[in-house]
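Engineer: My structure is in query00.pdb, and what it holds is PDB, C-alpha atoms, pLDDT in the B column:
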```
MODEL        1
ATOM      1  CA  MET A   1      88.676  99.192  90.304  1.00 45.00           C
ATOM      2  CA  THR A   2      86.773  96.399  92.028  1.00 48.00           C
ATOM      3  CA  LYS A   3      87.327  95.697  95.673  1.00 56.00           C
ATOM      4  CA  SER A   4      89.293  92.497  96.234  1.00 60.00           C
ATOM      5  CA  LYS A   5      87.819  89.870  98.545  1.00 66.00           C
ATOM      6  CA  LEU A   6      91.317  88.633  99.326  1.00 71.00           C
ATOM      7  CA  SER A   7      93.348  90.054 102.201  1.00 82.00           C
ATOM      8  CA  SER A   8      96.740  91.517 101.328  1.00 85.00           C
ATOM      9  CA  LYS A   9      98.369  88.412 102.817  1.00 87.00           C
ATOM     10  CA  GLU A  10      96.223  86.131 100.667  1.00 88.00           C
ATOM     11  CA  THR A  11      96.974  88.263  97.611  1.00 88.00           C
ATOM     12  CA  TYR A  12     100.689  87.903  98.318  1.00 91.00           C
ATOM     13  CA  LEU A  13     100.457  84.139  98.731  1.00 89.00           C
ATOM     14  CA  GLN A  14      98.206  83.494  95.726  1.00 91.00           C
ATOM     15  CA  ASN A  15      99.236  86.205  93.264  1.00 90.00           C
ATOM     16  CA  ALA A  16     102.573  87.703  94.200  1.00 94.00           C
ATOM     17  CA  ILE A  17     104.647  84.619  95.022  1.00 95.00           C
ATOM     18  CA  PRO A  18     104.192  82.932  91.602  1.00 95.00           C
ATOM     19  CA  VAL A  19     105.044  86.198  89.824  1.00 95.00           C
ATOM     20  CA  LEU A  20     108.062  86.888  92.024  1.00 95.00           C
ATOM     21  CA  LYS A  21     109.402  83.351  91.632  1.00 96.00           C
ATOM     22  CA  GLU A  22     109.106  83.571  87.853  1.00 95.00           C
ATOM     23  CA  LYS A  23     110.506  87.073  87.350  1.00 95.00           C
ATOM     24  CA  LEU A  24     113.263  86.858  89.964  1.00 95.00           C
ATOM     25  CA  LYS A  25     114.175  83.256  89.075  1.00 94.00           C
ATOM     26  CA  ARG A  26     114.044  82.086  92.696  1.00 93.00           C
ATOM     27  CA  GLU A  27     112.470  79.040  94.313  1.00 91.00           C
ATOM     28  CA  ASN A  28     113.297  79.790  97.957  1.00 93.00           C
ATOM     29  CA  LEU A  29     110.215  81.540  99.365  1.00 92.00           C
ATOM     30  CA  MET A  30     112.236  83.159 102.158  1.00 93.00           C
ATOM     31  CA  SER A  31     114.337  85.001  99.575  1.00 95.00           C
ATOM     32  CA  LEU A  32     111.327  86.652  97.937  1.00 97.00           C
ATOM     33  CA  PRO A  33     110.601  90.296  98.823  1.00 97.00           C
ATOM     34  CA  ARG A  34     107.573  91.101 100.966  1.00 96.00           C
ATOM     35  CA  VAL A  35     106.024  94.037 102.782  1.00 97.00           C
ATOM     36  CA  ASP A  36     107.618  94.267 106.245  1.00 97.00           C
ATOM     37  CA  HIS A  37     105.770  97.187 107.838  1.00 97.00           C
ATOM     38  CA  ILE A  38     103.983 100.451 107.061  1.00 98.00           C
ATOM     39  CA  VAL A  39     104.607 103.865 108.604  1.00 97.00           C
ATOM     40  CA  VAL A  40     101.747 106.387 108.521  1.00 97.00           C
ATOM     41  CA  ALA A  41     102.788 109.926 109.461  1.00 95.00           C
ATOM     42  CA  SER A  42     101.314 113.411 109.539  1.00 93.00           C
ATOM     43  CA  GLY A  43     103.135 116.679 110.158  1.00 85.00           C
ATOM     44  CA  VAL A  44     101.464 119.361 112.267  1.00 79.00           C
ATOM     45  CA  GLY A  45     104.090 122.090 111.787  1.00 69.00           C
ATOM     46  CA  LYS A  46     102.915 125.578 112.699  1.00 66.00           C
ATOM     47  CA  HIS A  47      99.633 124.154 114.029  1.00 65.00           C
ATOM     48  CA  ALA A  48     101.432 122.308 116.846  1.00 60.00           C
ATOM     49  CA  LYS A  49     100.227 124.778 119.490  1.00 64.00           C
ATOM     50  CA  GLU A  50      96.617 124.485 118.383  1.00 65.00           C
ATOM     51  CA  GLY A  51      95.124 121.911 120.702  1.00 69.00           C
ATOM     52  CA  LYS A  52      92.052 121.243 118.545  1.00 82.00           C
ATOM     53  CA  PHE A  53      94.168 120.690 115.439  1.00 84.00           C
ATOM     54  CA  LEU A  54      96.488 118.200 117.148  1.00 86.00           C
ATOM     55  CA  GLU A  55      93.517 116.470 118.761  1.00 88.00           C
ATOM     56  CA  ASP A  56      91.741 116.083 115.407  1.00 90.00           C
ATOM     57  CA  VAL A  57      94.815 114.707 113.644  1.00 91.00           C
ATOM     58  CA  GLU A  58      95.449 112.218 116.450  1.00 92.00           C
ATOM     59  CA  LYS A  59      91.806 111.137 116.467  1.00 92.00           C
ATOM     60  CA  GLY A  60      91.783 110.764 112.689  1.00 93.00           C
ATOM     61  CA  MET A  61      94.919 108.626 112.711  1.00 94.00           C
ATOM     62  CA  VAL A  62      93.407 106.365 115.372  1.00 95.00           C
ATOM     63  CA  PHE A  63      90.310 105.921 113.208  1.00 93.00           C
ATOM     64  CA  LEU A  64      92.202 105.048 110.031  1.00 92.00           C
ATOM     65  CA  THR A  65      95.010 102.908 111.500  1.00 95.00           C
ATOM     66  CA  GLY A  66      93.385 101.329 114.555  1.00 93.00           C
ATOM     67  CA  GLN A  67      96.110 102.407 116.969  1.00 94.00           C
ATOM     68  CA  LYS A  68      97.211 105.542 118.801  1.00 94.00           C
ATOM     69  CA  PRO A  69      99.989 107.493 117.060  1.00 94.00           C
ATOM     70  CA  ALA A  70     103.262 108.461 118.726  1.00 93.00           C
ATOM     71  CA  GLN A  71     104.347 112.088 118.776  1.00 87.00           C
ATOM     72  CA  THR A  72     107.511 113.114 116.954  1.00 82.00           C
ATOM     73  CA  LEU A  73     109.414 116.100 118.345  1.00 74.00           C
ATOM     74  CA  SER A  74     111.349 118.711 116.391  1.00 65.00           C
ATOM     75  CA  LYS A  75     115.125 118.445 116.715  1.00 63.00           C
ATOM     76  CA  LYS A  76     115.647 122.152 116.126  1.00 59.00           C
ATOM     77  CA  SER A  77     113.731 125.407 115.896  1.00 60.00           C
ATOM     78  CA  ILE A  78     112.302 126.405 112.490  1.00 54.00           C
ATOM     79  CA  ALA A  79     111.129 130.003 112.458  1.00 56.00           C
ATOM     80  CA  GLY A  80     109.221 129.709 109.189  1.00 58.00           C
ATOM     81  CA  PHE A  81     106.980 127.020 110.691  1.00 51.00           C
ATOM     82  CA  LYS A  82     106.836 128.662 114.135  1.00 55.00           C
ATOM     83  CA  LEU A  83     108.358 125.473 115.473  1.00 53.00           C
ATOM     84  CA  ARG A  84     110.566 125.314 118.541  1.00 59.00           C
ATOM     85  CA  GLU A  85     113.057 122.638 119.523  1.00 60.00           C
ATOM     86  CA  ASN A  86     111.411 119.608 121.201  1.00 61.00           C
ATOM     87  CA  GLN A  87     107.956 120.785 120.158  1.00 68.00           C
ATOM     88  CA  VAL A  88     105.489 118.302 118.642  1.00 73.00           C
ATOM     89  CA  ALA A  89     106.256 118.259 114.902  1.00 73.00           C
ATOM     90  CA  GLY A  90     104.050 115.385 113.848  1.00 85.00           C
ATOM     91  CA  LEU A  91     102.391 112.069 114.609  1.00 91.00           C
ATOM     92  CA  ARG A  92     103.279 108.620 113.336  1.00 94.00           C
ATOM     93  CA  VAL A  93     102.075 105.053 113.535  1.00 96.00           C
ATOM     94  CA  THR A  94     103.953 101.876 112.603  1.00 97.00           C
ATOM     95  CA  LEU A  95     101.729  99.047 111.421  1.00 97.00           C
ATOM     96  CA  ARG A  96     102.656  95.366 111.372  1.00 96.00           C
ATOM     97  CA  GLY A  97     100.816  92.076 111.136  1.00 95.00           C
ATOM     98  CA  LYS A  98      97.035  92.116 110.670  1.00 94.00           C
ATOM     99  CA  ARG A  99      96.695  95.897 111.040  1.00 95.00           C
ATOM    100  CA  MET A 100      99.290  96.362 108.325  1.00 96.00           C
ATOM    101  CA  ASP A 101      97.481  93.823 106.157  1.00 95.00           C
ATOM    102  CA  ASP A 102      94.102  95.518 106.628  1.00 94.00           C
ATOM    103  CA  PHE A 103      95.529  98.993 106.000  1.00 95.00           C
ATOM    104  CA  LEU A 104      97.283  97.883 102.810  1.00 95.00           C
ATOM    105  CA  LYS A 105      94.127  96.319 101.395  1.00 94.00           C
ATOM    106  CA  LYS A 106      92.122  99.442 102.258  1.00 94.00           C
ATOM    107  CA  LEU A 107      94.740 101.732 100.707  1.00 94.00           C
ATOM    108  CA  ILE A 108      94.767  99.861  97.387  1.00 94.00           C
ATOM    109  CA  HIS A 109      91.099  98.970  97.006  1.00 92.00           C
ATOM    110  CA  VAL A 110      89.266 101.748  98.849  1.00 92.00           C
ATOM    111  CA  VAL A 111      91.380 104.892  99.267  1.00 92.00           C
ATOM    112  CA  PHE A 112      93.010 105.110  95.833  1.00 91.00           C
ATOM    113  CA  PRO A 113      89.675 104.733  93.985  1.00 88.00           C
ATOM    114  CA  ARG A 114      88.244 107.560  96.139  1.00 86.00           C
ATOM    115  CA  VAL A 115      90.815 109.989  94.722  1.00 81.00           C
ATOM    116  CA  ARG A 116      89.099 111.957  91.952  1.00 75.00           C
ATOM    117  CA  ASP A 117      90.279 110.961  88.456  1.00 77.00           C
ATOM    118  CA  PHE A 118      92.835 108.631  90.006  1.00 82.00           C
ATOM    119  CA  ARG A 119      95.011 106.929  87.387  1.00 82.00           C
ATOM    120  CA  GLY A 120      97.850 105.424  89.310  1.00 90.00           C
ATOM    121  CA  VAL A 121     100.793 105.765  91.691  1.00 92.00           C
ATOM    122  CA  GLN A 122     104.059 107.059  90.294  1.00 90.00           C
ATOM    123  CA  SER A 123     106.655 104.303  90.092  1.00 92.00           C
ATOM    124  CA  LYS A 124     109.276 106.859  91.151  1.00 91.00           C
ATOM    125  CA  CYS A 125     107.665 106.748  94.603  1.00 93.00           C
ATOM    126  CA  ILE A 126     109.788 103.615  95.082  1.00 96.00           C
ATOM    127  CA  ASP A 127     113.290 104.433  96.296  1.00 96.00           C
ATOM    128  CA  GLN A 128     116.535 102.569  95.647  1.00 96.00           C
ATOM    129  CA  ASN A 129     116.102 100.592  98.867  1.00 96.00           C
ATOM    130  CA  GLY A 130     112.795  99.165  97.676  1.00 97.00           C
ATOM    131  CA  ASN A 131     110.481 101.236  99.887  1.00 97.00           C
ATOM    132  CA  MET A 132     107.515 103.261  98.669  1.00 96.00           C
ATOM    133  CA  SER A 133     106.459 106.673 100.006  1.00 95.00           C
ATOM    134  CA  VAL A 134     103.228 108.296  98.852  1.00 93.00           C
ATOM    135  CA  GLY A 135     101.525 111.477  99.973  1.00 90.00           C
ATOM    136  CA  ILE A 136      97.794 111.576 100.583  1.00 90.00           C
ATOM    137  CA  ARG A 137      96.653 115.209 100.396  1.00 88.00           C
ATOM    138  CA  GLU A 138      93.554 114.694 102.543  1.00 88.00           C
ATOM    139  CA  ALA A 139      93.068 111.945 105.104  1.00 91.00           C
ATOM    140  CA  GLN A 140      89.350 112.215 104.383  1.00 89.00           C
ATOM    141  CA  ALA A 141      90.038 109.857 101.470  1.00 90.00           C
ATOM    142  CA  PHE A 142      89.882 107.188 104.168  1.00 93.00           C
ATOM    143  CA  PRO A 143      86.218 106.343 104.885  1.00 91.00           C
ATOM    144  CA  GLU A 144      86.868 106.191 108.651  1.00 92.00           C
ATOM    145  CA  VAL A 145      87.738 109.903 108.756  1.00 90.00           C
ATOM    146  CA  ASP A 146      84.266 111.443 108.907  1.00 87.00           C
ATOM    147  CA  PRO A 147      84.313 115.199 108.070  1.00 84.00           C
ATOM    148  CA  GLN A 148      81.332 115.631 110.377  1.00 83.00           C
ATOM    149  CA  LYS A 149      83.386 114.405 113.331  1.00 85.00           C
ATOM    150  CA  ILE A 150      86.833 115.674 112.333  1.00 87.00           C
ATOM    151  CA  GLU A 151      86.770 119.232 110.991  1.00 82.00           C
ATOM    152  CA  THR A 152      90.503 119.532 110.400  1.00 86.00           C
ATOM    153  CA  ILE A 153      91.812 118.641 106.953  1.00 87.00           C
ATOM    154  CA  PHE A 154      95.247 117.050 107.234  1.00 90.00           C
ATOM    155  CA  GLY A 155      97.585 115.170 104.941  1.00 91.00           C
ATOM    156  CA  LEU A 156      99.392 111.881 105.369  1.00 93.00           C
ATOM    157  CA  GLN A 157     102.675 110.377 104.308  1.00 94.00           C
ATOM    158  CA  VAL A 158     102.443 106.612 103.883  1.00 96.00           C
ATOM    159  CA  THR A 159     105.705 104.663 103.686  1.00 97.00           C
ATOM    160  CA  VAL A 160     105.522 100.989 102.758  1.00 97.00           C
ATOM    161  CA  VAL A 161     108.743  99.302 103.869  1.00 98.00           C
ATOM    162  CA  THR A 162     109.704  96.074 102.112  1.00 98.00           C
ATOM    163  CA  THR A 163     112.462  93.481 102.266  1.00 97.00           C
ATOM    164  CA  ALA A 164     113.264  94.035  98.577  1.00 97.00           C
ATOM    165  CA  LYS A 165     116.950  94.450  97.788  1.00 95.00           C
ATOM    166  CA  ASN A 166     116.437  97.177  95.225  1.00 96.00           C
ATOM    167  CA  ARG A 167     113.916  99.302  93.332  1.00 96.00           C
ATOM    168  CA  GLU A 168     113.392  96.738  90.568  1.00 96.00           C
ATOM    169  CA  GLU A 169     112.466  93.942  92.980  1.00 97.00           C
ATOM    170  CA  ALA A 170     110.125  96.260  94.848  1.00 97.00           C
ATOM    171  CA  LYS A 171     108.376  97.346  91.658  1.00 97.00           C
ATOM    172  CA  ILE A 172     107.575  93.719  90.809  1.00 97.00           C
ATOM    173  CA  LEU A 173     106.342  93.174  94.373  1.00 97.00           C
ATOM    174  CA  PHE A 174     104.073  96.224  94.431  1.00 96.00           C
ATOM    175  CA  GLU A 175     102.559  95.465  91.040  1.00 95.00           C
ATOM    176  CA  SER A 176     101.912  91.840  92.001  1.00 95.00           C
ATOM    177  CA  ILE A 177      99.989  92.790  95.160  1.00 95.00           C
ATOM    178  CA  GLY A 178      97.778  95.267  93.328  1.00 93.00           C
ATOM    179  CA  PHE A 179      99.460  98.688  93.360  1.00 94.00           C
ATOM    180  CA  PRO A 180      98.470 100.519  90.140  1.00 92.00           C
ATOM    181  CA  LEU A 181     101.916 101.841  89.225  1.00 93.00           C
ATOM    182  CA  THR A 182     102.492 104.269  86.368  1.00 90.00           C
ATOM    183  CA  ASP A 183     105.519 105.995  84.858  1.00 85.00           C
ATOM    184  CA  ALA A 184     103.474 109.086  83.981  1.00 71.00           C
ATOM    185  CA  ALA A 185     104.447 112.428  85.506  1.00 63.00           C
ATOM    186  CA  VAL A 186     102.200 114.090  88.070  1.00 53.00           C
ATOM    187  CA  ASP A 187     101.481 116.927  85.619  1.00 45.00           C
ATOM    188  CA  ASP A 188     100.406 114.516  82.887  1.00 39.00           C
ATOM    189  CA  MET A 189      97.572 112.786  84.701  1.00 36.00           C
ATOM    190  CA  LYS A 190      95.882 112.364  88.045  1.00 41.00           C
ATOM    191  CA  VAL A 191      98.477 110.226  89.783  1.00 42.00           C
ATOM    192  CA  ILE A 192      99.720 110.013  93.331  1.00 49.00           C
ATOM    193  CA  GLY A 193     103.341 110.928  93.866  1.00 45.00           C
ATOM    194  CA  VAL A 194     105.628 111.888  96.705  1.00 41.00           C
ATOM    195  CA  GLN A 195     103.821 114.943  97.944  1.00 39.00           C
ATOM    196  CA  LYS A 196     104.447 117.394 100.730  1.00 36.00           C
ATOM    197  CA  LYS A 197     102.191 116.843 103.697  1.00 37.00           C
ATOM    198  CA  VAL A 198      99.317 119.314 103.629  1.00 35.00           C
ATOM    199  CA  SER A 199      97.792 120.569 106.855  1.00 37.00           C
ATOM    200  CA  LYS A 200      94.965 123.084 106.959  1.00 39.00           C
ATOM    201  CA  LYS A 201      91.558 123.704 108.490  1.00 39.00           C
ATOM    202  CA  ARG A 202      88.190 123.866 106.870  1.00 40.00           C
ATOM    203  CA  ALA A 203      86.946 127.362 106.176  1.00 35.00           C
TER     204      ALA A 203
ENDMDL
END
```
Using the file provided, produce a representation of the structure as structure tokens.
Structural biologist:
Amino acid sequence: MTKSKLSSKETYLQNAIPVLKEKLKRENLMSLPRVDHIVVASGVGKHAKEGKFLEDVEKGMVFLTGQKPAQTLSKKSIAGFKLRENQVAGLRVTLRGKRMDDFLKKLIHVVFPRVRDFRGVQSKCIDQNGNMSVGIREAQAFPEVDPQKIETIFGLQVTVVTTAKNREEAKILFESIGFPLTDAAVDDMKVIGVQKKVSKKRA
């Protein structure tokens, strides 16, 4: 996959709009679906009390998103994860505007190709509301997360929120802006699906 010289916004304007107008039979540009914002989250779970772990995850998310993440607190105690009520359960960042645009371009043209034997993103990652959620097993797939500086291996959940009215509209949108969608099952080939967030430390 070659890296696009166009920004995600330029790709939408030049590539997506003509496709969307044709396939959705609409001329009003305001009625066409678009990416509204992106939420990048990481769960810390049982590692919440480990200061170094939380520090590494926060630092890594700053590197790869360009802004400081907000802490999410647990609403109830979960014994299996050694999590208490109101304890830090994860970190999340909401991206809009240029940061969203830059992150989206990087995700499609840099991060996905860095996944070994990558062959696509499952189309079932798109829900009925037109939003896509994909799990990234290791944040180190992002070039900004240097293993020499951040020892902790942590996973990410990336949710791309759109203005699409349904799954079908969103699928056309995602394909037109460069998402390599596939209907293959995770077991059939190296594809990215909705995965559980993975959090662990290097041995």
Engineer: Under the PyMOL selection byres ((chain A and resi 58) around 12), which residues of this model are included? Write them out as a ChimeraX atom specification.
Structural biologist: /A:40-44,48,51-57,59-71,88,90-93,139,145,150,152,154,156
Engineer: List every protein, DNA or RNA residue that has at least one atom no more than 8 Å from (98.7, 100.4, 107.5) in the file's coordinates, counting all atoms listed in the file, and write the result as a ChimeraX atom specification.
Structural biologist: /A:37-40,65,94-96,99-104,107
Engineer: Put those residues in a file: C-alpha atoms, as a PDB file, keeping the file's coordinate frame.
Structural biologist:
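As written to disk, again-v3.pdb reads:
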```
ATOM      1  CA  HIS A  37     105.770  97.187 107.838  1.00 97.00           C
ATOM      2  CA  ILE A  38     103.983 100.451 107.061  1.00 98.00           C
ATOM      3  CA  VAL A  39     104.607 103.865 108.604  1.00 97.00           C
ATOM      4  CA  VAL A  40     101.747 106.387 108.521  1.00 97.00           C
ATOM      5  CA  THR A  65      95.010 102.908 111.500  1.00 95.00           C
ATOM      6  CA  THR A  94     103.953 101.876 112.603  1.00 97.00           C
ATOM      7  CA  LEU A  95     101.729  99.047 111.421  1.00 97.00           C
ATOM      8  CA  ARG A  96     102.656  95.366 111.372  1.00 96.00           C
ATOM      9  CA  ARG A  99      96.695  95.897 111.040  1.00 95.00           C
ATOM     10  CA  MET A 100      99.290  96.362 108.325  1.00 96.00           C
ATOM     11  CA  ASP A 101      97.481  93.823 106.157  1.00 95.00           C
ATOM     12  CA  ASP A 102      94.102  95.518 106.628  1.00 94.00           C
ATOM     13  CA  PHE A 103      95.529  98.993 106.000  1.00 95.00           C
ATOM     14  CA  LEU A 104      97.283  97.883 102.810  1.00 95.00           C
ATOM     15  CA  LEU A 107      94.740 101.732 100.707  1.00 94.00           C
TER      16      LEU A 107
END
```
Engineer: For this structure, which residues satisfy the selection - the PyMOL selection byres ((chain A and resi 7) around 12) - when it is evaluated on the file as given? I want them as number ranges by chain.
Structural biologist: A: 3-6, 8-15, 97-109, 177-178
Engineer: Calculate how many Å separate atom CA of Ile153 of chain A from atom CA of Phe174 of chain A, rounding to one decimal.
Structural biologist: 28.5 Å
Engineer: Which residue gives the smallest distance to Gln128 of chain A among A:Thr162, A:Thr182, A:Ser31, A:Thr72, with only C-alpha atoms counted?
Structural biologist: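 Going through A:Thr162, A:Thr182, A:Ser31, A:Thr72 one by one, the smallest distance to Gln128 of chain A is for A:Thr162.
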Engineer: What separation in Å, quoted to one decimal, exists between atom CA of Ser176 of chain A and atom CA of Arg34 of chain A?
Structural biologist: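 Atom-to-atom, atom CA of Ser176 of chain A and atom CA of Arg34 of chain A are spaced 10.6 Å apart.
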Engineer: May I ask for the distance between atom CA of Val134 of chain A and atom CA of Phe179 of chain A, given in Å to one decimal place?
Structural biologist: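 So the answer is 11.7 Å.
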Engineer: Produce the centre coordinates and the three edge lengths, each in Å to one decimal, of the box along x, y and z that contains all listed atoms of segment 155-159 of chain A with 3 Å added on each side, as AutoDock Vina command-line options.
Structural biologist:
```
--center_x 101.6 --center_y 109.9 --center_z 104.5 --size_x 14.1 --size_y 16.5 --size_z 7.7
```
Engineer: Assuming the chain letters and numbering stay as they are in my file, what does the PyMOL selection byres ((chain A and resi 140-143) around 7) actually select? List them as a ChimeraX atom specification.
Structural biologist: /A:64,111,114-115,138-139,144-147
Engineer: Which one of A:Ala89, A:Ile126, A:Ala16, A:Val121 sits closest to Lys165 of chain A if you count all atoms listed in the file?
Structural biologist: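 Under the stated criterion, the closest residue is A:Ile126.
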Engineer: Of the candidates A:Val35, A:Ile136, A:Ala184, A:Ile17, which shows the shortest atom-to-atom distance to Ala170 of chain A, using all atoms listed in the file?
Structural biologist: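 Checking each of A:Val35, A:Ile136, A:Ala184, A:Ile17 against Ala170 of chain A, counting all atoms listed in the file, the winner is A:Val35.
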Engineer: Give me, as a ChimeraX atom specification, all polymer residues having an atom no more than 10 Å from Arg167 of chain A, counting all atoms listed in the file and skipping those fewer than 6 positions away in the same chain.
Structural biologist: /A:123-132,173
Engineer: Within 10 Å of Lys23 of chain A, counting all atoms listed in the file, which residues show up once you throw out same-chain ones fewer than 5 positions away? Write them as a list in words, please.
Structural biologist: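 Residues near the query, excluding close chain neighbours: Ile17, Pro18, Glu169 and Ile172 of chain A.
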